[in-house]
>>> print(open('start-v4.pdb').read())   # PDB, C-alpha atoms and all ligand atoms
MODEL        1
ATOM      1  CA  MET A   1     -46.873 -25.593  16.795
ATOM      2  CA  THR A   2     -48.074 -24.121  20.131
ATOM      3  CA  TYR A   3     -44.592 -24.725  21.559
ATOM      4  CA  ILE A   4     -42.955 -22.949  18.642
ATOM      5  CA  LEU A   5     -45.329 -19.964  18.767
ATOM      6  CA  SER A   6     -44.730 -19.658  22.549
ATOM      7  CA  ALA A   7     -40.961 -19.729  21.943
ATOM      8  CA  ILE A   8     -41.292 -16.972  19.308
ATOM      9  CA  LEU A   9     -43.344 -14.882  21.767
ATOM     10  CA  VAL A  10     -40.759 -15.359  24.562
ATOM     11  CA  MET A  11     -37.895 -14.372  22.216
ATOM     12  CA  SER A  12     -39.710 -11.287  20.913
ATOM     13  CA  GLY A  13     -40.677 -10.277  24.473
ATOM     14  CA  PHE A  14     -37.078 -10.629  25.627
ATOM     15  CA  MET A  15     -35.836  -8.521  22.718
ATOM     16  CA  ALA A  16     -38.457  -5.816  23.378
ATOM     17  CA  GLY A  17     -37.627  -5.841  27.121
ATOM     18  CA  ALA A  18     -33.895  -5.523  26.464
ATOM     19  CA  GLN A  19     -34.446  -2.732  23.942
ATOM     20  CA  LEU A  20     -36.701  -0.904  26.413
ATOM     21  CA  ALA A  21     -34.080  -1.325  29.162
ATOM     22  CA  TYR A  22     -31.467   0.125  26.821
ATOM     23  CA  SER A  23     -33.429   3.293  26.231
ATOM     24  CA  LYS A  24     -34.660   3.748  29.824
ATOM     25  CA  LEU A  25     -31.631   2.737  31.898
ATOM     26  CA  TYR A  26     -29.290   5.245  30.377
ATOM     27  CA  ASP A  27     -26.709   5.225  33.212
ATOM     28  CA  TRP A  28     -26.038   1.518  32.835
ATOM     29  CA  ARG A  29     -24.954   1.714  29.211
ATOM     30  CA  ILE A  30     -21.379   0.704  28.439
ATOM     31  CA  ALA A  31     -20.943   3.483  25.894
ATOM     32  CA  GLU A  32     -22.859   5.971  23.846
ATOM     33  CA  GLY A  33     -24.761   4.099  21.118
ATOM     34  CA  ASP A  34     -24.453   5.144  17.520
ATOM     35  CA  GLY A  35     -28.069   6.236  17.724
ATOM     36  CA  SER A  36     -28.640   6.703  14.012
ATOM     37  CA  ARG A  37     -30.656   4.777  11.477
ATOM     38  CA  LEU A  38     -32.919   3.321  14.156
ATOM     39  CA  LYS A  39     -35.609   2.821  11.494
ATOM     40  CA  ASP A  40     -33.142   0.875   9.328
ATOM     41  CA  ARG A  41     -32.210  -1.283  12.285
ATOM     42  CA  TYR A  42     -35.833  -2.180  13.027
ATOM     43  CA  ARG A  43     -36.559  -2.829   9.356
ATOM     44  CA  ASN A  44     -33.504  -5.082   8.963
ATOM     45  CA  ALA A  45     -34.171  -6.840  12.308
ATOM     46  CA  SER A  46     -37.806  -7.530  11.306
ATOM     47  CA  MET A  47     -36.613  -9.013   8.001
ATOM     48  CA  ASN A  48     -34.067 -11.245   9.766
ATOM     49  CA  GLY A  49     -36.568 -12.242  12.467
ATOM     50  CA  THR A  50     -38.936 -13.374   9.698
ATOM     51  CA  ILE A  51     -36.116 -15.250   7.922
ATOM     52  CA  ALA A  52     -35.197 -16.979  11.217
ATOM     53  CA  VAL A  53     -38.767 -18.102  11.961
ATOM     54  CA  ALA A  54     -39.243 -19.259   8.338
ATOM     55  CA  LEU A  55     -35.923 -21.141   8.380
ATOM     56  CA  TYR A  56     -36.781 -22.906  11.648
ATOM     57  CA  LEU A  57     -40.264 -23.864  10.384
ATOM     58  CA  VAL A  58     -39.093 -25.053   6.939
ATOM     59  CA  THR A  59     -36.221 -27.044   8.484
ATOM     60  CA  ILE A  60     -38.533 -28.639  11.052
ATOM     61  CA  VAL A  61     -41.033 -29.603   8.325
ATOM     62  CA  MET A  62     -38.330 -30.957   5.971
ATOM     63  CA  PHE A  63     -35.783 -32.468   8.383
ATOM     64  CA  GLY A  64     -37.795 -32.649  11.608
ATOM     65  CA  GLU A  65     -36.743 -36.186  12.499
ATOM     66  CA  LEU A  66     -33.065 -35.151  12.439
ATOM     67  CA  LEU A  67     -33.738 -32.271  14.857
ATOM     68  CA  ILE A  68     -36.572 -33.291  17.184
ATOM     69  CA  ASP A  69     -37.411 -36.625  18.756
ATOM     70  CA  TRP A  70     -41.026 -36.021  19.747
ATOM     71  CA  ASP A  71     -41.187 -39.242  21.817
ATOM     72  CA  ALA A  72     -37.981 -38.923  23.814
ATOM     73  CA  ALA A  73     -37.620 -37.188  27.134
ATOM     74  CA  SER A  74     -34.970 -34.474  26.970
ATOM     75  CA  THR A  75     -31.552 -35.603  28.108
ATOM     76  CA  TRP A  76     -29.688 -32.909  30.069
ATOM     77  CA  TYR A  77     -26.325 -33.267  28.364
ATOM     78  CA  LYS A  78     -27.396 -33.179  24.688
ATOM     79  CA  PRO A  79     -28.408 -29.486  24.641
ATOM     80  CA  ILE A  80     -25.112 -28.625  26.376
ATOM     81  CA  LEU A  81     -23.189 -30.596  23.740
ATOM     82  CA  VAL A  82     -25.090 -28.798  20.974
ATOM     83  CA  LEU A  83     -24.270 -25.367  22.435
ATOM     84  CA  LEU A  84     -20.580 -26.265  22.907
ATOM     85  CA  LEU A  85     -20.300 -27.614  19.362
ATOM     86  CA  TYR A  86     -22.060 -24.535  18.002
ATOM     87  CA  ASP A  87     -19.738 -22.309  20.058
ATOM     88  CA  PHE A  88     -16.716 -23.892  18.363
ATOM     89  CA  GLY A  89     -18.270 -23.750  14.872
ATOM     90  CA  TYR A  90     -19.500 -20.181  15.275
ATOM     91  CA  TYR A  91     -16.093 -19.001  16.523
ATOM     92  CA  TRP A  92     -14.589 -20.059  13.181
ATOM     93  CA  LEU A  93     -17.546 -18.789  11.153
ATOM     94  CA  HIS A  94     -17.077 -15.415  12.871
ATOM     95  CA  ARG A  95     -13.342 -15.472  12.121
ATOM     96  CA  LEU A  96     -14.247 -16.156   8.473
ATOM     97  CA  LEU A  97     -16.727 -13.250   8.516
ATOM     98  CA  HIS A  98     -13.800 -11.002   9.454
ATOM     99  CA  VAL A  99     -11.704 -11.993   6.432
ATOM    100  CA  ARG A 100     -11.529  -8.743   4.441
ATOM    101  CA  LYS A 101     -13.545  -9.801   1.396
ATOM    102  CA  VAL A 102     -16.280 -11.468   3.473
ATOM    103  CA  MET A 103     -16.374  -8.459   5.804
ATOM    104  CA  GLN A 104     -16.783  -6.103   2.846
ATOM    105  CA  LYS A 105     -19.616  -8.160   1.343
ATOM    106  CA  VAL A 106     -21.458  -9.524   4.406
ATOM    107  CA  HIS A 107     -20.351  -8.771   7.974
ATOM    108  CA  TRP A 108     -19.990  -4.990   7.526
ATOM    109  CA  VAL A 109     -23.756  -4.639   7.992
ATOM    110  CA  HIS A 110     -23.560  -5.972  11.552
ATOM    111  CA  HIS A 111     -20.458  -3.933  12.297
ATOM    112  CA  MET A 112     -21.973  -0.608  11.308
ATOM    113  CA  ASN A 113     -22.787  -0.101  14.992
ATOM    114  CA  LEU A 114     -19.742   0.423  17.202
ATOM    115  CA  HIS A 115     -21.834   0.149  20.371
ATOM    116  CA  PRO A 116     -24.744  -2.142  19.494
ATOM    117  CA  THR A 117     -28.092  -2.392  21.253
ATOM    118  CA  ALA A 118     -30.409  -5.378  21.716
ATOM    119  CA  VAL A 119     -32.041  -5.032  18.306
ATOM    120  CA  ASP A 120     -28.611  -5.245  16.648
ATOM    121  CA  SER A 121     -28.462  -8.950  17.497
ATOM    122  CA  LEU A 122     -30.675  -9.217  14.383
ATOM    123  CA  TYR A 123     -29.084  -6.355  12.429
ATOM    124  CA  LEU A 124     -27.292  -8.572   9.927
ATOM    125  CA  HIS A 125     -26.801  -9.319   6.269
ATOM    126  CA  PRO A 126     -29.340 -12.119   5.572
ATOM    127  CA  VAL A 127     -26.505 -14.435   4.466
ATOM    128  CA  GLU A 128     -24.977 -14.109   7.952
ATOM    129  CA  MET A 129     -28.368 -14.739   9.563
ATOM    130  CA  ILE A 130     -28.875 -17.941   7.567
ATOM    131  CA  ALA A 131     -25.263 -19.132   8.059
ATOM    132  CA  GLY A 132     -25.443 -18.630  11.860
ATOM    133  CA  LEU A 133     -28.732 -20.526  12.193
ATOM    134  CA  ALA A 134     -27.502 -23.239   9.822
ATOM    135  CA  PHE A 135     -24.525 -23.801  12.165
ATOM    136  CA  LEU A 136     -26.900 -24.188  15.122
ATOM    137  CA  LEU A 137     -29.175 -26.602  13.243
ATOM    138  CA  ILE A 138     -26.192 -28.619  11.940
ATOM    139  CA  SER A 139     -24.862 -28.864  15.517
ATOM    140  CA  ILE A 140     -28.209 -30.372  16.568
ATOM    141  CA  VAL A 141     -28.121 -32.858  13.672
ATOM    142  CA  ILE A 142     -24.553 -33.914  14.617
ATOM    143  CA  VAL A 143     -25.432 -34.453  18.307
ATOM    144  CA  GLY A 144     -28.683 -36.200  17.377
ATOM    145  CA  PRO A 145     -32.359 -35.277  17.654
ATOM    146  CA  LEU A 146     -33.373 -33.510  20.876
ATOM    147  CA  GLY A 147     -36.577 -33.870  22.856
ATOM    148  CA  ILE A 148     -38.912 -30.966  22.107
ATOM    149  CA  GLY A 149     -38.132 -29.336  25.497
ATOM    150  CA  ALA A 150     -34.380 -29.480  24.876
ATOM    151  CA  PHE A 151     -34.802 -28.272  21.284
ATOM    152  CA  LEU A 152     -36.770 -25.213  22.391
ATOM    153  CA  ALA A 153     -34.316 -24.598  25.252
ATOM    154  CA  VAL A 154     -31.420 -24.537  22.743
ATOM    155  CA  VAL A 155     -33.268 -22.172  20.373
ATOM    156  CA  LEU A 156     -34.287 -19.862  23.246
ATOM    157  CA  LEU A 157     -30.835 -19.849  24.866
ATOM    158  CA  HIS A 158     -29.153 -19.166  21.508
ATOM    159  CA  THR A 159     -31.459 -16.193  20.884
ATOM    160  CA  ILE A 160     -31.283 -14.809  24.430
ATOM    161  CA  ILE A 161     -27.474 -15.073  24.576
ATOM    162  CA  ASN A 162     -27.265 -13.236  21.245
ATOM    163  CA  ILE A 163     -29.501 -10.464  22.583
ATOM    164  CA  LEU A 164     -27.488 -10.252  25.835
ATOM    165  CA  HIS A 165     -24.319  -9.871  23.736
ATOM    166  CA  HIS A 166     -25.757  -6.714  22.225
ATOM    167  CA  THR A 167     -27.574  -5.062  25.149
ATOM    168  CA  ASN A 168     -24.812  -2.487  25.800
ATOM    169  CA  LEU A 169     -25.766  -2.624  29.496
ATOM    170  CA  GLN A 170     -23.859  -3.327  32.714
ATOM    171  CA  LEU A 171     -26.502  -4.212  35.264
ATOM    172  CA  PRO A 172     -25.620  -3.448  38.910
ATOM    173  CA  TYR A 173     -26.619  -6.919  40.146
ATOM    174  CA  ARG A 174     -24.202  -9.698  41.037
ATOM    175  CA  LEU A 175     -26.499 -12.240  39.467
ATOM    176  CA  ALA A 176     -26.183 -10.426  36.146
ATOM    177  CA  TRP A 177     -22.429 -11.068  35.866
ATOM    178  CA  PHE A 178     -22.935 -13.473  32.983
ATOM    179  CA  ALA A 179     -25.045 -10.975  31.033
ATOM    180  CA  ASN A 180     -22.577  -8.194  31.883
ATOM    181  CA  HIS A 181     -19.655 -10.306  30.703
ATOM    182  CA  TRP A 182     -21.307 -11.084  27.371
ATOM    183  CA  ALA A 183     -22.345  -7.459  26.810
ATOM    184  CA  ALA A 184     -18.892  -6.010  27.649
ATOM    185  CA  SER A 185     -17.021  -8.656  25.686
ATOM    186  CA  HIS A 186     -19.119  -8.230  22.539
ATOM    187  CA  ASP A 187     -19.235  -4.438  22.806
ATOM    188  CA  ALA A 188     -15.408  -4.608  22.734
ATOM    189  CA  HIS A 189     -15.663  -6.810  19.612
ATOM    190  CA  HIS A 190     -17.713  -4.138  17.828
ATOM    191  CA  SER A 191     -15.494  -1.233  18.901
ATOM    192  CA  GLN A 192     -11.990  -2.795  18.952
ATOM    193  CA  GLY A 193     -12.148  -6.305  17.407
ATOM    194  CA  GLY A 194     -11.245  -9.660  18.993
ATOM    195  CA  ASN A 195     -13.708 -11.706  21.112
ATOM    196  CA  TYR A 196     -15.185 -13.789  18.303
ATOM    197  CA  GLY A 197     -16.803 -16.392  20.579
ATOM    198  CA  VAL A 198     -20.487 -16.180  21.372
ATOM    199  CA  ILE A 199     -21.264 -18.516  24.274
ATOM    200  CA  THR A 200     -17.943 -19.123  26.032
ATOM    201  CA  PRO A 201     -14.631 -17.228  25.826
ATOM    202  CA  LEU A 202     -12.849 -20.611  25.547
ATOM    203  CA  TRP A 203     -11.850 -20.421  21.870
ATOM    204  CA  ASP A 204     -10.767 -16.784  22.173
ATOM    205  CA  TRP A 205      -8.487 -17.827  25.050
ATOM    206  CA  ILE A 206      -7.078 -20.818  23.177
ATOM    207  CA  PHE A 207      -6.499 -18.929  19.914
ATOM    208  CA  ARG A 208      -5.439 -15.684  21.654
ATOM    209  CA  THR A 209      -8.129 -13.465  20.213
ATOM    210  CA  ARG A 210      -9.389 -11.951  23.501
ATOM    211  CA  SER A 211      -9.510  -8.182  23.513
TER     212      SER A 211
HETATM  213 ZN    ZN B   1     -17.770  -9.490  14.017
HETATM  214 ZN    ZN B   2     -22.465  -8.172  17.291
ENDMDL
END
>>> encode(input="start-v4.pdb", output="structure tokens")
Amino acid sequence: MTYILSAILVMSGFMAGAQLAYSKLYDWRIAEGDGSRLKDRYRNASMNGTIAVALYLVTIVMFGELLIDWDAASTWYKPILVLLLYDFGYYWLHRLLHVRKVMQKVHWVHHMNLHPTAVDSLYLHPVEMIAGLAFLLISIVIVGPLGIGAFLAVVLLHTIINILHHTNLQLPYRLAWFANHWAASHDAHHSQGGNYGVITPLWDWIFRTRS
């Protein structure tokens, strides 16, 4: 439980830091944000954050042995396999979310912001929130239970990458090229479409959906 609470604190701290950077480092923004309904965004993000924590806790209590091997040391390749499998699954889930009827009922909430900010990584219809996390948890079950360190690393990386996708920042540091790539690529998704992948651009390249 201590591990999980620490992970929640790290994720919330990262989100708050990114959101603070967005408002303070104005010159590094990719584009003018939509700026409106900030209260709605925080309210929706708090709801989805609560759903995410509850879903993780309930799933761990109910199906813990399928997700976490408390006795095993973390193997280095299993978390990578999980993230790659999730990347493939999420690419197709995201394509499905863009089918007109699903967009009109579910994904439109997330796409209300043409130039998202960090908090918009959680600005979602709850169905999308649950579906995305379910894909991550199913990917773990398919690969096999992870050591607790690897499990938390996957959860943290998944959250941090999602936040980086929405920061709307281009940081002037060479080391930040990964974060800059994710932010620019996903900002283009919100404003022009394409770029459905979340971790790697691989599936967008293969299926010619890069924008
Ligand atoms: Zn989308
Ligand atoms: Zn987005």
>>> resolve_selection(input="start-v4.pdb", expression="the PyMOL selection byres (((not hetatm)) within 9 of (chain B and resi 1))", output="PyMOL selection string")
chain A and resi 94-95+97-98+103+107-108+110-111+186+189-190+193-196
>>> residues_near_ligand(input="start-v4.pdb", ligand="ligand ZN 2 (chain B)", cutoff="12 Å", atoms="all atoms listed in the file", output="VMD selection string")
chain A and resid 94 97 107 to 125 128 to 129 161 to 168 182 to 198
>>> residues_around(input="start-v4.pdb", residues="range 139-141 of chain A", least_positions_apart="6", cutoff="7 Å", atoms="all atoms listed in the file", output="PyMOL selection string")
chain A and resi 66-67+82+85-86
>>> write_last_selection(input="start-v4.pdb", atoms="C-alpha atoms", output="PDB file, in the frame of the given file")
ATOM      1  CA  LEU A  66     -33.065 -35.151  12.439  1.00  0.00           C
ATOM      2  CA  LEU A  67     -33.738 -32.271  14.857  1.00  0.00           C
ATOM      3  CA  VAL A  82     -25.090 -28.798  20.974  1.00  0.00           C
ATOM      4  CA  LEU A  85     -20.300 -27.614  19.362  1.00  0.00           C
ATOM      5  CA  TYR A  86     -22.060 -24.535  18.002  1.00  0.00           C
TER       6      TYR A  86
END
>>> atom_distance(input="start-v4.pdb", atom1="CA of Met47 in chain A", atom2="CA of Ile8 in chain A")
14.6 Å
>>> resolve_selection(input="start-v4.pdb", expression="the PyMOL selection byres (((chain A and resi 59) around 12) and not hetatm)", output="JSON, numbers by chain")
{"A": [51, 52, 53, 54, 55, 56, 57, 58, 60, 61, 62, 63, 64, 65, 66, 67, 68, 130, 133, 134, 136, 137, 138, 140, 141]}
>>> closest_residue(input="start-v4.pdb", among="A:Trp28, A:Leu152, A:Ala21, A:Val127", to="Tyr173 in chain A", atoms="all atoms listed in the file")
A:Trp28
>>> atom_distance(input="start-v4.pdb", atom1="CA of Gln170 in chain A", atom2="CA of Leu156 in chain A")
21.7 Å
>>> closest_residue(input="start-v4.pdb", among="A:Phe88, A:His181, A:Pro145, A:Ala131", to="Ile206 in chain A", atoms="only C-alpha atoms")
A:Phe88
>>> closest_residue(input="start-v4.pdb", among="A:Asp40, A:Asp71, A:Asp204, A:Asp27", to="Gly147 in chain A", atoms="only C-alpha atoms")
A:Asp71
